[in-house]
$ cat work-v3.tsv   # TSV, C-alpha atoms
chain	number	residue	atom	x	y	z
J	277	MET	CA	-21.33	-1.67	-12.21
J	278	ILE	CA	-20.44	1.63	-10.56
J	279	ASN	CA	-23.45	3.58	-9.33
J	280	THR	CA	-23.89	7.20	-8.26
J	281	VAL	CA	-23.29	6.27	-4.61
J	282	ASP	CA	-19.89	4.82	-5.57
J	283	ILE	CA	-18.95	7.98	-7.45
J	284	ASP	CA	-19.95	10.18	-4.51
J	285	ALA	CA	-17.74	8.06	-2.27
J	286	ALA	CA	-14.90	8.35	-4.78
J	287	LYS	CA	-14.76	12.13	-4.37
J	288	ASP	CA	-12.71	11.71	-1.21
J	289	GLU	CA	-10.44	9.05	-2.69
J	290	GLY	CA	-7.00	9.60	-4.13
J	291	PRO	CA	-6.08	9.01	-7.77
J	292	THR	CA	-4.49	5.61	-7.15
J	293	LEU	CA	-7.67	4.06	-5.77
J	294	ARG	CA	-9.74	5.75	-8.48
J	295	ARG	CA	-7.46	4.21	-11.11
J	296	ARG	CA	-7.83	0.78	-9.53
J	297	ARG	CA	-11.63	1.13	-9.38
J	298	LEU	CA	-11.68	2.17	-13.03
J	299	ALA	CA	-9.41	-0.74	-14.00
J	300	ALA	CA	-11.70	-3.24	-12.26
J	301	GLU	CA	-14.79	-1.88	-14.02
J	302	LEU	CA	-13.13	-1.88	-17.44
J	303	LYS	CA	-12.02	-5.47	-16.96
J	304	LYS	CA	-15.54	-6.50	-15.93
J	305	SER	CA	-17.06	-4.73	-18.95
J	306	ARG	CA	-14.60	-6.43	-21.29
J	307	GLU	CA	-15.30	-9.87	-19.88
J	308	GLU	CA	-19.07	-9.35	-20.03
J	309	ALA	CA	-18.72	-8.35	-23.69
J	310	GLY	CA	-16.74	-11.50	-24.45
J	311	PHE	CA	-13.48	-9.85	-25.52
J	312	THR	CA	-9.97	-11.01	-24.65
J	313	GLN	CA	-7.20	-8.56	-23.85
J	314	GLU	CA	-5.45	-9.61	-27.05
J	315	SER	CA	-8.50	-9.00	-29.23
J	316	VAL	CA	-8.98	-5.52	-27.76
J	317	SER	CA	-5.34	-4.66	-28.41
J	318	ARG	CA	-5.62	-5.86	-32.00
J	319	HIS	CA	-8.82	-3.88	-32.55
J	320	PHE	CA	-7.19	-0.59	-31.54
J	321	GLU	CA	-3.74	-1.56	-32.87
J	322	TRP	CA	-2.31	-1.00	-29.41
J	323	HIS	CA	0.81	-2.53	-27.92
J	324	SER	CA	-0.08	-6.06	-26.84
J	325	ALA	CA	0.47	-5.26	-23.16
J	326	LYS	CA	-1.51	-2.00	-23.03
J	327	VAL	CA	-4.86	-3.53	-22.04
J	328	THR	CA	-3.16	-5.67	-19.39
J	329	ARG	CA	-1.49	-2.60	-17.90
J	330	ILE	CA	-4.77	-0.67	-17.93
J	331	GLU	CA	-6.64	-3.48	-16.17
J	332	ASN	CA	-3.84	-3.90	-13.64
J	333	ALA	CA	-3.97	-0.13	-12.95
J	334	ARG	CA	-0.27	0.08	-13.74
J	335	VAL	CA	-0.72	2.96	-16.20
J	336	PRO	CA	-3.15	5.89	-16.27
J	337	VAL	CA	-5.85	5.73	-18.92
J	338	ASN	CA	-7.25	8.87	-20.52
J	339	ALA	CA	-10.95	9.63	-20.99
J	340	ARG	CA	-10.75	9.11	-24.76
J	341	ASP	CA	-9.46	5.55	-24.38
J	342	VAL	CA	-12.13	4.81	-21.77
J	343	ASN	CA	-14.82	6.12	-24.11
J	344	ASP	CA	-13.48	3.99	-27.00
J	345	LEU	CA	-13.29	0.88	-24.81
J	346	LEU	CA	-16.85	1.27	-23.55
J	347	THR	CA	-18.10	1.76	-27.10
J	348	LEU	CA	-16.32	-1.42	-28.21
J	349	TYR	CA	-17.82	-3.31	-25.26
J	350	GLY	CA	-21.31	-2.11	-26.13
J	351	VAL	CA	-21.79	-0.22	-22.86
J	352	SER	CA	-24.66	2.20	-23.50
J	353	ASP	CA	-25.79	3.27	-20.00
J	354	PRO	CA	-25.00	7.02	-20.04
J	355	ASP	CA	-24.69	7.30	-16.25
J	356	TYR	CA	-22.27	4.38	-16.08
J	357	ARG	CA	-20.19	5.73	-18.95
J	358	GLU	CA	-19.99	9.17	-17.35
J	359	ALA	CA	-19.03	7.59	-14.02
J	360	LEU	CA	-16.07	5.82	-15.59
J	361	LEU	CA	-15.05	8.88	-17.57
J	362	ALA	CA	-15.10	10.88	-14.33
J	363	LEU	CA	-12.85	8.29	-12.67
J	364	ALA	CA	-10.46	8.51	-15.63
J	365	ARG	CA	-10.21	12.29	-15.29
J	366	GLN	CA	-9.87	12.20	-11.49
J	367	SER	CA	-7.25	9.43	-11.54
J	368	LYS	CA	-4.77	11.75	-13.26
J	369	GLN	CA	-4.81	14.45	-10.57
J	370	ARG	CA	-1.55	15.35	-8.85
J	371	THR	CA	-1.05	14.37	-5.22
J	372	TRP	CA	1.40	15.17	-2.43
J	373	TRP	CA	3.56	12.19	-3.39
J	374	THR	CA	3.77	12.97	-7.12
J	375	ASP	CA	6.98	14.96	-6.62
J	376	TYR	CA	8.62	11.95	-4.94
J	377	ARG	CA	8.25	9.51	-7.83
J	378	ASP	CA	12.02	9.57	-8.39
J	379	VAL	CA	12.61	7.93	-4.99
J	380	MET	CA	9.58	5.63	-4.92
J	381	ARG	CA	9.72	1.90	-5.53
J	382	PRO	CA	7.95	0.55	-8.62
J	383	GLY	CA	4.25	-0.25	-8.29
J	384	ASN	CA	3.14	2.92	-6.49
J	385	PHE	CA	2.86	1.40	-3.02
J	386	VAL	CA	2.85	4.93	-1.54
J	387	GLY	CA	-0.17	5.90	-3.62
J	388	MET	CA	-2.11	2.82	-2.54
J	389	GLU	CA	-1.17	3.35	1.10
J	390	ALA	CA	-2.33	6.97	0.84
J	391	ASP	CA	-5.78	5.76	-0.27
J	392	ALA	CA	-6.08	2.82	2.15
J	393	SER	CA	-8.24	2.97	5.25
J	394	ILE	CA	-6.45	0.18	7.11
J	395	THR	CA	-2.87	-1.05	6.93
J	396	ARG	CA	-1.76	-4.28	8.56
J	397	VAL	CA	1.96	-4.90	8.51
J	398	TRP	CA	4.31	-7.65	9.62
J	399	GLU	CA	8.06	-7.02	9.87
J	400	PRO	CA	10.55	-9.73	10.90
J	401	ILE	CA	13.82	-7.74	10.65
J	402	VAL	CA	13.31	-3.96	11.02
J	403	LEU	CA	10.57	-1.69	12.28
J	404	PRO	CA	7.70	-0.85	9.93
J	405	GLY	CA	8.33	2.45	8.13
J	406	LEU	CA	5.30	4.09	9.76
J	407	LEU	CA	6.91	3.58	13.19
J	408	GLN	CA	10.46	4.68	12.39
J	409	CYS	CA	12.09	7.83	13.77
J	410	GLU	CA	14.10	9.93	11.32
J	411	ASP	CA	17.59	8.82	12.37
J	412	TYR	CA	16.51	5.17	12.24
J	413	MET	CA	15.27	5.85	8.69
J	414	ARG	CA	18.56	7.48	7.70
J	415	ALA	CA	20.58	4.57	9.02
J	416	LEU	CA	18.51	2.01	7.10
J	417	ILE	CA	18.28	4.00	3.88
J	418	GLY	CA	21.97	4.92	3.97
J	419	ILE	CA	23.24	1.37	4.44
J	420	GLY	CA	21.31	0.17	1.42
J	421	ARG	CA	22.22	3.11	-0.82
J	422	ARG	CA	25.86	3.87	-0.14
J	423	ASN	CA	26.31	5.55	-3.54
J	424	ASP	CA	23.27	7.84	-3.20
J	425	THR	CA	23.74	11.54	-2.59
J	426	ARG	CA	22.82	13.01	0.76
J	427	GLU	CA	20.01	14.89	-0.98
J	428	SER	CA	18.56	11.64	-2.35
J	429	ILE	CA	18.65	10.01	1.09
J	430	GLU	CA	16.98	13.03	2.69
J	431	ARG	CA	14.23	12.94	0.06
J	432	ARG	CA	13.54	9.32	0.96
J	433	VAL	CA	13.45	10.24	4.64
J	434	SER	CA	11.07	13.10	3.85
J	435	LEU	CA	8.77	10.79	1.89
J	436	ARG	CA	8.61	8.28	4.74
J	437	ARG	CA	7.97	11.07	7.25
J	438	LEU	CA	5.10	12.39	5.11
J	439	ARG	CA	3.62	8.89	4.94
J	440	GLN	CA	3.53	8.88	8.75
J	441	GLU	CA	1.32	11.98	8.77
J	442	ARG	CA	-1.61	9.76	7.74
J	443	LEU	CA	-1.61	8.42	11.31
J	444	THR	CA	-2.59	11.82	12.74
J	445	ALA	CA	-4.67	13.17	9.83
J	446	ALA	CA	-8.31	14.24	10.14
J	447	SER	CA	-9.33	10.83	8.72
J	448	PRO	CA	-6.44	8.80	10.10
J	449	LEU	CA	-5.08	5.59	8.72
J	450	GLN	CA	-5.75	2.61	10.98
J	451	LEU	CA	-2.48	0.78	11.56
J	452	VAL	CA	-2.03	-2.72	12.93
J	453	ALA	CA	1.72	-3.33	13.24
J	454	LEU	CA	3.24	-6.67	14.24
J	455	PHE	CA	6.99	-7.17	14.40
J	456	ASP	CA	9.34	-9.81	15.68
J	457	GLU	CA	10.88	-9.39	19.14
J	458	SER	CA	14.34	-9.38	17.58
J	459	VAL	CA	13.55	-6.06	15.89
J	460	ILE	CA	13.68	-4.03	19.10
J	461	HIS	CA	17.03	-5.60	20.05
J	462	ARG	CA	18.67	-5.04	16.66
J	463	VAL	CA	20.70	-1.82	16.98
J	464	VAL	CA	20.17	0.45	13.98
J	465	GLY	CA	22.06	3.75	13.92
J	466	GLY	CA	23.62	3.26	17.35
J	467	PRO	CA	22.38	3.22	20.96
J	468	ALA	CA	21.26	6.87	21.00
J	469	VAL	CA	19.14	6.36	17.88
J	470	MET	CA	17.55	3.28	19.42
J	471	GLN	CA	16.61	5.25	22.54
J	472	GLU	CA	14.91	7.81	20.30
J	473	GLN	CA	13.26	5.00	18.41
J	474	TYR	CA	11.85	3.36	21.51
J	475	ARG	CA	10.24	6.65	22.52
J	476	LYS	CA	8.82	7.01	19.00
J	477	ILE	CA	7.17	3.58	19.19
J	478	ILE	CA	5.64	4.36	22.56
J	479	ASP	CA	4.26	7.68	21.31
J	480	VAL	CA	2.74	6.19	18.15
J	481	ALA	CA	1.33	3.21	20.06
J	482	ALA	CA	-0.66	5.68	22.20
J	483	LEU	CA	-2.69	6.83	19.17
J	484	PRO	CA	-6.25	5.43	19.22
J	485	ASN	CA	-6.02	4.29	15.58
J	486	VAL	CA	-2.75	2.38	16.07
J	487	SER	CA	-2.10	-1.10	17.43
J	488	VAL	CA	1.56	-2.04	17.96
J	489	ARG	CA	2.34	-5.58	19.09
J	490	ILE	CA	5.50	-7.65	19.37
J	491	VAL	CA	5.56	-11.30	18.34
J	492	PRO	CA	7.80	-12.82	21.05
J	493	PHE	CA	10.53	-15.37	20.55
J	494	THR	CA	8.33	-17.90	22.33
J	495	ALA	CA	5.74	-17.70	19.53
J	496	GLY	CA	7.76	-20.24	17.57
J	497	GLU	CA	7.50	-20.87	13.85
J	498	HIS	CA	4.83	-19.30	11.66
J	499	PRO	CA	4.18	-18.82	7.90
J	500	PHE	CA	5.41	-15.21	7.81
J	501	MET	CA	8.98	-15.85	8.93
J	502	GLY	CA	10.28	-15.38	5.37
J	503	GLY	CA	9.83	-11.64	5.01
J	504	PRO	CA	7.75	-8.50	5.51
J	505	ILE	CA	4.10	-8.34	4.47
J	506	THR	CA	1.76	-5.36	4.20
J	507	PHE	CA	-2.01	-5.52	3.79
J	508	LEU	CA	-3.72	-2.45	2.33
J	509	GLU	CA	-7.45	-2.48	2.92
J	510	PHE	CA	-10.22	-0.40	1.39
J	511	PRO	CA	-13.44	-1.20	3.33
J	512	ASP	CA	-15.82	0.44	0.84
J	513	VAL	CA	-14.28	-1.51	-2.06
J	514	ALA	CA	-13.00	-4.64	-0.35
J	515	HIS	CA	-12.44	-6.44	-3.66
J	516	LEU	CA	-9.54	-4.02	-4.22
J	517	ASP	CA	-7.66	-4.99	-1.05
J	518	VAL	CA	-4.04	-5.80	-1.84
J	519	ILE	CA	-1.08	-7.58	-0.27
J	520	TYR	CA	2.38	-6.09	-0.80
J	521	LEU	CA	5.46	-8.28	-0.50
J	522	GLU	CA	8.76	-6.41	-0.57
J	523	GLY	CA	11.96	-8.21	-1.50
J	524	LEU	CA	15.47	-7.64	-2.81
J	525	ALA	CA	14.58	-9.42	-6.04
J	526	GLY	CA	11.58	-7.17	-6.59
J	527	ASP	CA	8.18	-6.27	-5.20
J	528	TYR	CA	5.04	-8.34	-5.60
J	529	TYR	CA	1.40	-7.31	-5.30
J	530	GLU	CA	-1.29	-9.94	-4.68
J	531	GLU	CA	-4.81	-8.76	-5.46
J	532	GLN	CA	-6.79	-11.96	-5.97
J	533	PRO	CA	-9.50	-11.96	-3.24
J	534	ALA	CA	-8.99	-15.63	-2.37
J	535	GLU	CA	-5.25	-15.14	-1.86
J	536	VAL	CA	-5.77	-11.90	0.07
J	537	LYS	CA	-8.13	-13.77	2.40
J	538	ARG	CA	-5.62	-16.60	2.86
J	539	TYR	CA	-2.90	-14.17	3.88
J	540	ARG	CA	-5.27	-12.26	6.15
J	541	ASP	CA	-6.30	-15.47	7.92
J	542	GLU	CA	-2.63	-16.25	8.59
J	543	PHE	CA	-2.06	-12.71	9.84
J	544	GLU	CA	-4.96	-13.07	12.27
J	545	ARG	CA	-3.49	-16.35	13.52
J	546	LEU	CA	-0.17	-14.60	14.07
J	547	GLU	CA	-1.97	-11.90	16.07
J	548	THR	CA	-3.06	-14.56	18.56
J	549	LYS	CA	0.63	-15.26	19.26
J	550	ALA	CA	1.59	-11.61	19.74
J	551	LEU	CA	1.93	-9.80	23.05
J	552	SER	CA	-0.89	-7.45	24.00
J	553	GLU	CA	-0.50	-3.76	23.22
J	554	ALA	CA	0.11	-2.98	26.89
J	555	SER	CA	2.71	-5.76	27.26
J	556	THR	CA	4.45	-4.57	24.11
J	557	VAL	CA	4.77	-1.03	25.46
J	558	ARG	CA	6.03	-2.29	28.83
J	559	LEU	CA	8.70	-4.39	27.10
J	560	ILE	CA	9.90	-1.40	25.10
J	561	GLU	CA	9.83	0.86	28.17
J	562	ARG	CA	12.25	-1.51	29.91
J	563	LEU	CA	14.76	-0.84	27.13
J	564	LEU	CA	14.78	2.89	27.78
J	565	ALA	CA	17.93	3.97	29.60

$ encode --input "work-v3.tsv" --output "C-alpha cells"
Amino acid sequence: MINTVDIDAAKDEGPTLRRRRLAAELKKSREEAGFTQESVSRHFEWHSAKVTRIENARVPVNARDVNDLLTLYGVSDPDYREALLALARQSKQRTWWTDYRDVMRPGNFVGMEADASITRVWEPIVLPGLLQCEDYMRALIGIGRRNDTRESIERRVSLRRLRQERLTAASPLQLVALFDESVIHRVVGGPAVMQEQYRKIIDVAALPNVSVRIVPFTAGEHPFMGGPITFLEFPDVAHLDVIYLEGLAGDYYEEQPAEVKRYRDEFERLETKALSEASTVRLIERLLA
C-alpha cells in the first residue's frame, strides 16, 4: 500500500506517473478484495472496459470513482484512502505538454517520458528524438506527413524540442542512447543538416547525464535489429518501469516486470557491443567537414 513517504515523493511527480501509481494501487486493492474487473463494472453499471482502462492508467479517474472503488473493496484505512484520493486529484493537473495532445501519439509516451528519471533508447534507423536538431526533425516529420500543414509540422518540432529540455533541467533526465552506425551515415535533410546534426550530437554527448554510443557494423546480429526500443525508468517506483515499442502498425507498451527485465538484460548485452562514448564522439567528429 501507499504510505506517507510515497505521497511526499509524489509531490514532485507529474500527473502521468501519479495516474500510473494510482492505477497500480487500485488494481492491487481489487485483487486483494477478490473482485474481477467484470464484476466491478457490473456493480457500478459501468462500460465493461472502464475498469481495465483505469487499471492500465489509460484514462483519468476522478476522486468520486476512487472513493466508490475503495468502499467496494472494503478499504477502511483513512490514511491510505486519502493518499489515493490525493493522487486522483493530482493526476488531473495540466502540464506543459497538455496543449500538444493534438500532435501526440496515442498512449501518452510524452507524459511518461516527462516523469521518468532514466531513459534508455535504441534506434536502428534514425537518431533518437532527444538527440535531433530542428532541421533533422523537420525532414523526418515532413516526409511522413506530406499532407500536414506547416503549422502542424512546426508544432511537432516544438514538442520534440521541449522534450529535449529535460536533458538540461534542474533535475535532468538521464539518457542512455544507443544507435546503429548506419544512422550517422544516412543523410536526412541534406548534407548541411547532417553537419548541424553531428555538432548537436557532440554537444549533447558532453552533458554529464547523457551517454551516447554507436553500435558499429562489426557488432553483428542482435535481438534489437527489428526496430526502435525505449525504456522509461522510475527508480523510486521500479515496478512501473515501461518499455515502449514504436511501429507503423501501432505503438506497444510493455509493463510486466519480468518482460521489462528481459528487455533490459538484452539492452545491457547490446551495450557491451557498442563503441565507448569517447570513440563514438571521435567517429562523429571525423564526419564534420

$ residues_around --input "work-v3.tsv" --residues "Arg414 (chain J)" --least-positions-apart "4" --cutoff "7 Å" --atoms "all atoms listed in the file" --output "list in words"
Glu410, Gly418 and Val433 of chain J

$ residues_around --input "work-v3.tsv" --residues "region 534-538 of chain J" --least-positions-apart "4" --cutoff "9 Å" --atoms "only C-alpha atoms" --output "ChimeraX atom specification"
/J:507,517-519,530,542-543

$ closest_residue --input "work-v3.tsv" --among "J:Leu516, J:Val452, J:Leu546, J:Val459" --to "Val397 (chain J)" --atoms "all atoms listed in the file"
J:Val452

$ atom_distance --input "work-v3.tsv" --atom1 "CA of Asp456 (chain J)" --atom2 "CA of Ile490 (chain J)"
5.7 Å

$ atom_distance --input "work-v3.tsv" --atom1 "CA of Ile429 (chain J)" --atom2 "CA of Ile417 (chain J)"
6.6 Å

$ closest_atom_pairs --input "work-v3.tsv" --of "region 371-445 of chain J" --to "region 289-304 of chain J" --cutoff "6 Å" --atoms "all atoms listed in the file" --output "CSV"
residue,atom,partner,partner_atom,distance
J:Gly387,CA,J:Thr292,CA,5.6
J:Met388,CA,J:Thr292,CA,5.9
J:Asp391,CA,J:Gly290,CA,5.6

$ write_last_selection --input "work-v3.tsv" --atoms "C-alpha atoms" --output "PDB file, in the coordinates of the input"
ATOM      1  CA  GLY J 387      -0.170   5.900  -3.620  1.00  0.00           C
ATOM      2  CA  MET J 388      -2.110   2.820  -2.540  1.00  0.00           C
ATOM      3  CA  ASP J 391      -5.780   5.760  -0.270  1.00  0.00           C
TER       4      ASP J 391
END

$ residues_near_point --input "work-v3.tsv" --point "(-9.2, -1.8, 7.2)" --cutoff "9 Å" --atoms "all atoms listed in the file" --output "JSON, numbers by chain"
{"J": [392, 393, 394, 395, 396, 449, 450, 451, 507, 508, 509, 510, 511, 514, 517]}

$ residues_near_point --input "work-v3.tsv" --point "(20.0, 5.2, 24.8)" --cutoff "7 Å" --atoms "only C-alpha atoms" --output "MDAnalysis selection string"
chainID J and resid 467:468 470:471 564:565

$ residues_around --input "work-v3.tsv" --residues "Val327 (chain J)" --least-positions-apart "3" --cutoff "7 Å" --atoms "all atoms listed in the file" --output "JSON, numbers by chain"
{"J": [313, 317, 330, 331]}

$ atom_distance --input "work-v3.tsv" --atom1 "CA of Thr328 (chain J)" --atom2 "CA of Arg365 (chain J)"
19.7 Å

$ closest_atom_pairs --input "work-v3.tsv" --of "region 421-513 of chain J" --to "region 369-374 of chain J" --cutoff "12 Å" --atoms "all atoms listed in the file" --output "CSV"
residue,atom,partner,partner_atom,distance
J:Arg431,CA,J:Trp373,CA,11.2
J:Arg432,CA,J:Trp373,CA,11.3
J:Ser434,CA,J:Trp373,CA,10.5
J:Leu435,CA,J:Trp373,CA,7.5
J:Arg436,CA,J:Trp373,CA,10.3
J:Arg437,CA,J:Trp373,CA,11.6
J:Leu438,CA,J:Trp373,CA,8.6
J:Arg439,CA,J:Trp373,CA,9.0
J:Glu441,CA,J:Trp372,CA,11.6
J:Arg442,CA,J:Trp372,CA,11.9

$ closest_residue --input "work-v3.tsv" --among "J:Pro448, J:Gly502, J:Pro354, J:Pro382" --to "Ile401 (chain J)" --atoms "only C-alpha atoms"
J:Gly502
